[in-house]
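S.K.: What follows is a structure written as structure tokens; I'll ask about it next.
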Amino acid sequence: MDIGLAHEESVFINFRRYVPDPKEHGSRWVDIKQLSFTAESVDDRGLLAALIGHERFRDDYAGGGVLPDGPRHGPYWLRLITPDLYEPISEEKAAQIVRKWVDPHWEAPTELEAELRREVFSRMVAADGIYYLSELGDEAIHDWGRVHDSFHEFVLVDRSAGRITLVVAADD
């Protein structure tokens, strides 16, 4: 079934814009890709499968950008990512994971906190379902996939808006 998945917008939050010294958490970022869908009868696993098959999913998040024929997704080989690897989690748990990643040793500047609230947390609150990509293990890491120190991936499904949003929070 064609669910009509179409890219709507992308947002990139670069922590370097908010810290005076780029060595102080300046290599952290959040990448958001929002796509719309038209099918009503497809379940969340079908939406995840469509997202994995979409060209915007083919991003190594290491400077190469989206490669329509790329074999990588983040630190992983794309061919090893399946809908079953995404664990459904609550909005509270998703926010906790992001907060723990953002705030381990410092308090986020006010402007960064406001952008995270607007672009990440508000989307989590609006979602009907949130899925978190489980760690795939060493065998799934591609040839140079260890450039990321941390890699957190969420897929947010907002059925009322007909949107699926990919949120990647990572550092390198």
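Chain labels A, B, ... are given in the sequence in which chains occur in the structure tokens; within each chain residues are numbered consecutively from 1, and ligands are likewise numbered from 1 in the order shown.
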For the contact check between segment 45-67 of chain A and segment 150-153 of chain A, emit one row per residue of segment 45-67 of chain A within 12 Å, containing the shortest atom pair and the distance in Å rounded to one decimal, counting only C-alpha atoms, chain then rising number order, as a tab-separated table.

M.R.:
```
residue	atom	partner	partner_atom	distance
A:Phe57	CA	A:Glu153	CA	11.4
A:Asp60	CA	A:Phe151	CA	11.2
A:Tyr61	CA	A:Phe151	CA	9.7
A:Ala62	CA	A:Phe151	CA	11.4
```

S.K.: With N, CA and C atoms retained, export the selected residues as a JSON list (two decimals), in the first residue's frame.

M.R.:
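File produced: result.json:
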```json
[["chain", "number", "residue", "atom", "x", "y", "z"],
["A", 57, "PHE", "N", 15.55, 8.90, 4.89],
["A", 57, "PHE", "CA", 16.06, 8.06, 5.97],
["A", 57, "PHE", "C", 17.53, 7.69, 5.74],
["A", 60, "ASP", "N", 23.70, 9.47, 6.89],
["A", 60, "ASP", "CA", 24.71, 8.94, 7.81],
["A", 60, "ASP", "C", 24.93, 9.86, 9.00],
["A", 61, "TYR", "N", 24.36, 11.06, 8.96],
["A", 61, "TYR", "CA", 24.48, 12.04, 10.03],
["A", 61, "TYR", "C", 25.94, 12.33, 10.38],
["A", 62, "ALA", "N", 26.78, 12.31, 9.37],
["A", 62, "ALA", "CA", 28.20, 12.59, 9.59],
["A", 62, "ALA", "C", 28.72, 13.57, 8.54]]
```

S.K.: So how far away is atom CA of Gln96 of chain A from atom CA of Gly64 of chain A, in Å?

M.R.: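 A separation of 29.3 Å between them.
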
S.K.: List every residue of segment 27-57 of chain A that has an atom at most 12 Å from any atom of segment 127-136 of chain A, and for each one report the closest atom pair and its distance in Å to one decimal, counting only C-alpha atoms, with rows sorted by chain and then by increasing residue number, as a tab-separated table.

M.R.:
```
residue	atom	partner	partner_atom	distance
A:Asp43	CA	A:Gly129	CA	10.9
A:Asp44	CA	A:Gly129	CA	8.0
A:Arg45	CA	A:Tyr131	CA	10.0
A:Leu47	CA	A:Gly129	CA	11.2
A:Leu48	CA	A:Tyr131	CA	9.0
A:Ile52	CA	A:Leu133	CA	11.6
```

S.K.: Just to be explicit: take each residue in the selection above, keep C-alpha atoms, and write the result as a PDB file, in the first residue's frame.

M.R.:
```
ATOM      1  CA  ASP A  43      -0.583   0.661  11.244  1.00  0.00           C
ATOM      2  CA  ASP A  44       2.467   2.137  12.955  1.00  0.00           C
ATOM      3  CA  ARG A  45       4.720  -0.733  11.826  1.00  0.00           C
ATOM      4  CA  LEU A  47       4.582   3.675   8.791  1.00  0.00           C
ATOM      5  CA  LEU A  48       7.970   2.678  10.221  1.00  0.00           C
ATOM      6  CA  ILE A  52      12.909   3.202   6.586  1.00  0.00           C
TER       7      ILE A  52
END
```

S.K.: Could you list, as a ChimeraX atom specification, every residue within 10 Å of Leu78 of chain A, counting only C-alpha atoms and ignoring same-chain residues fewer than 3 positions away?

M.R.: /A:52-53,57-60,70-75,81-82,140-142

S.K.: So how far away is atom CA of Lys33 of chain A from atom CA of Glu92 of chain A, in Å?

M.R.: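 These atoms are spaced 21.1 Å apart.
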
S.K.: Contacts of Gln34 of chain A at 10 Å or less, counting only C-alpha atoms, minus same-chain residues fewer than 3 places along, as number ranges by chain?

M.R.: A: 5-11, 56, 155-156, 163-167

S.K.: For the structure I just gave you, how does DSSP split chain A - specifically, which residues are strand (DSSP E or B)? Reply as number ranges by chain.

M.R.: A: 6-14, 28-36, 59, 66, 72-73, 76-77, 86-89, 129-133, 141, 150-158, 163-171

S.K.: For a quick check of understanding, using only C-alpha atoms, which of A:Ile3, A:Leu80, A:Pro20, A:Phe12 has the smallest distance to Pro109 of chain A?

M.R.: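 Distance minimum relative to Pro109 of chain A lands on A:Pro20.
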
S.K.: What does the distance between atom CA of Asn14 of chain A and atom CA of Trp29 of chain A come to in Å, to one decimal place?

M.R.: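 Computed distance, atom CA of Asn14 of chain A to atom CA of Trp29 of chain A, equals 4.6 Å.
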
S.K.: From segment 27-71 of chain A, collect each residue whose DSSP state is alpha helix (DSSP H) and return the set as a VMD selection string.

M.R.: chain A and resid 44 to 53

S.K.: Need the shell around Glu115 of chain A: protein/DNA/RNA residues with any atom at most 12 Å away, counting only C-alpha atoms. Skip same-chain ones fewer than 4 positions apart. Format as a PyMOL selection string?

M.R.: chain A and resi 11-15+17-18+29-30+108-111+119-123

S.K.: Those selected residues, please, written with N, CA and C atoms and delivered as a PDB file, in the first residue's frame.

M.R.:
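Result file follows (selection_39.pdb):
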```
ATOM      1  N   VAL A  11      14.586  20.320  10.396  1.00  0.00           N
ATOM      2  CA  VAL A  11      15.090  21.278  11.374  1.00  0.00           C
ATOM      3  C   VAL A  11      16.404  20.718  11.896  1.00  0.00           C
ATOM      4  N   PHE A  12      17.407  21.585  12.025  1.00  0.00           N
ATOM      5  CA  PHE A  12      18.690  21.166  12.578  1.00  0.00           C
ATOM      6  C   PHE A  12      19.029  22.091  13.741  1.00  0.00           C
ATOM      7  N   ILE A  13      19.205  21.513  14.909  1.00  0.00           N
ATOM      8  CA  ILE A  13      19.565  22.269  16.102  1.00  0.00           C
ATOM      9  C   ILE A  13      21.028  21.962  16.407  1.00  0.00           C
ATOM     10  N   ASN A  14      21.875  22.941  16.198  1.00  0.00           N
ATOM     11  CA  ASN A  14      23.304  22.780  16.434  1.00  0.00           C
ATOM     12  C   ASN A  14      23.642  23.442  17.765  1.00  0.00           C
ATOM     13  N   PHE A  15      24.139  22.658  18.716  1.00  0.00           N
ATOM     14  CA  PHE A  15      24.442  23.194  20.035  1.00  0.00           C
ATOM     15  C   PHE A  15      25.536  24.255  19.983  1.00  0.00           C
ATOM     16  N   ARG A  17      25.666  26.843  18.362  1.00  0.00           N
ATOM     17  CA  ARG A  17      25.053  28.184  18.341  1.00  0.00           C
ATOM     18  C   ARG A  17      24.798  28.705  19.745  1.00  0.00           C
ATOM     19  N   TYR A  18      24.815  27.829  20.747  1.00  0.00           N
ATOM     20  CA  TYR A  18      24.389  28.213  22.083  1.00  0.00           C
ATOM     21  C   TYR A  18      25.477  28.168  23.143  1.00  0.00           C
ATOM     22  N   TRP A  29      23.976  17.814  18.524  1.00  0.00           N
ATOM     23  CA  TRP A  29      22.980  18.357  17.601  1.00  0.00           C
ATOM     24  C   TRP A  29      21.744  17.474  17.589  1.00  0.00           C
ATOM     25  N   VAL A  30      20.650  18.048  17.092  1.00  0.00           N
ATOM     26  CA  VAL A  30      19.409  17.313  16.885  1.00  0.00           C
ATOM     27  C   VAL A  30      18.980  17.568  15.445  1.00  0.00           C
ATOM     28  N   ALA A 108      21.539  23.455  30.123  1.00  0.00           N
ATOM     29  CA  ALA A 108      21.386  23.993  28.774  1.00  0.00           C
ATOM     30  C   ALA A 108      21.063  25.484  28.834  1.00  0.00           C
ATOM     31  N   PRO A 109      21.684  26.278  27.970  1.00  0.00           N
ATOM     32  CA  PRO A 109      21.347  27.706  27.909  1.00  0.00           C
ATOM     33  C   PRO A 109      19.858  27.900  27.620  1.00  0.00           C
ATOM     34  N   THR A 110      19.304  28.992  28.080  1.00  0.00           N
ATOM     35  CA  THR A 110      17.877  29.284  27.954  1.00  0.00           C
ATOM     36  C   THR A 110      17.391  29.200  26.515  1.00  0.00           C
ATOM     37  N   GLU A 111      18.160  29.760  25.580  1.00  0.00           N
ATOM     38  CA  GLU A 111      17.752  29.768  24.175  1.00  0.00           C
ATOM     39  C   GLU A 111      17.715  28.353  23.598  1.00  0.00           C
ATOM     40  N   GLU A 119      10.875  22.498  19.227  1.00  0.00           N
ATOM     41  CA  GLU A 119      11.094  21.595  18.093  1.00  0.00           C
ATOM     42  C   GLU A 119      11.058  20.109  18.447  1.00  0.00           C
ATOM     43  N   VAL A 120      11.418  19.765  19.670  1.00  0.00           N
ATOM     44  CA  VAL A 120      11.487  18.341  20.045  1.00  0.00           C
ATOM     45  C   VAL A 120      10.362  17.965  21.006  1.00  0.00           C
ATOM     46  N   PHE A 121      10.339  18.584  22.169  1.00  0.00           N
ATOM     47  CA  PHE A 121       9.405  18.151  23.205  1.00  0.00           C
ATOM     48  C   PHE A 121       7.946  18.402  22.824  1.00  0.00           C
ATOM     49  N   SER A 122       7.645  19.502  22.148  1.00  0.00           N
ATOM     50  CA  SER A 122       6.256  19.755  21.746  1.00  0.00           C
ATOM     51  C   SER A 122       5.789  18.715  20.725  1.00  0.00           C
ATOM     52  N   ARG A 123       6.694  18.258  19.864  1.00  0.00           N
ATOM     53  CA  ARG A 123       6.336  17.212  18.899  1.00  0.00           C
ATOM     54  C   ARG A 123       6.085  15.883  19.615  1.00  0.00           C
TER      55      ARG A 123
END
```

S.K.: Measuring atom to atom with only C-alpha atoms, identify which of A:Glu139, A:Asp149, A:Glu107, A:Asp158 is nearest to Trp77 of chain A.

M.R.: A:Glu139

S.K.: Here is a test: counting only C-alpha atoms, which residue of A:Ala126, A:Gly4, A:Glu113, A:Ala170 is nearest to Glu40 of chain A?

M.R.: A:Gly4
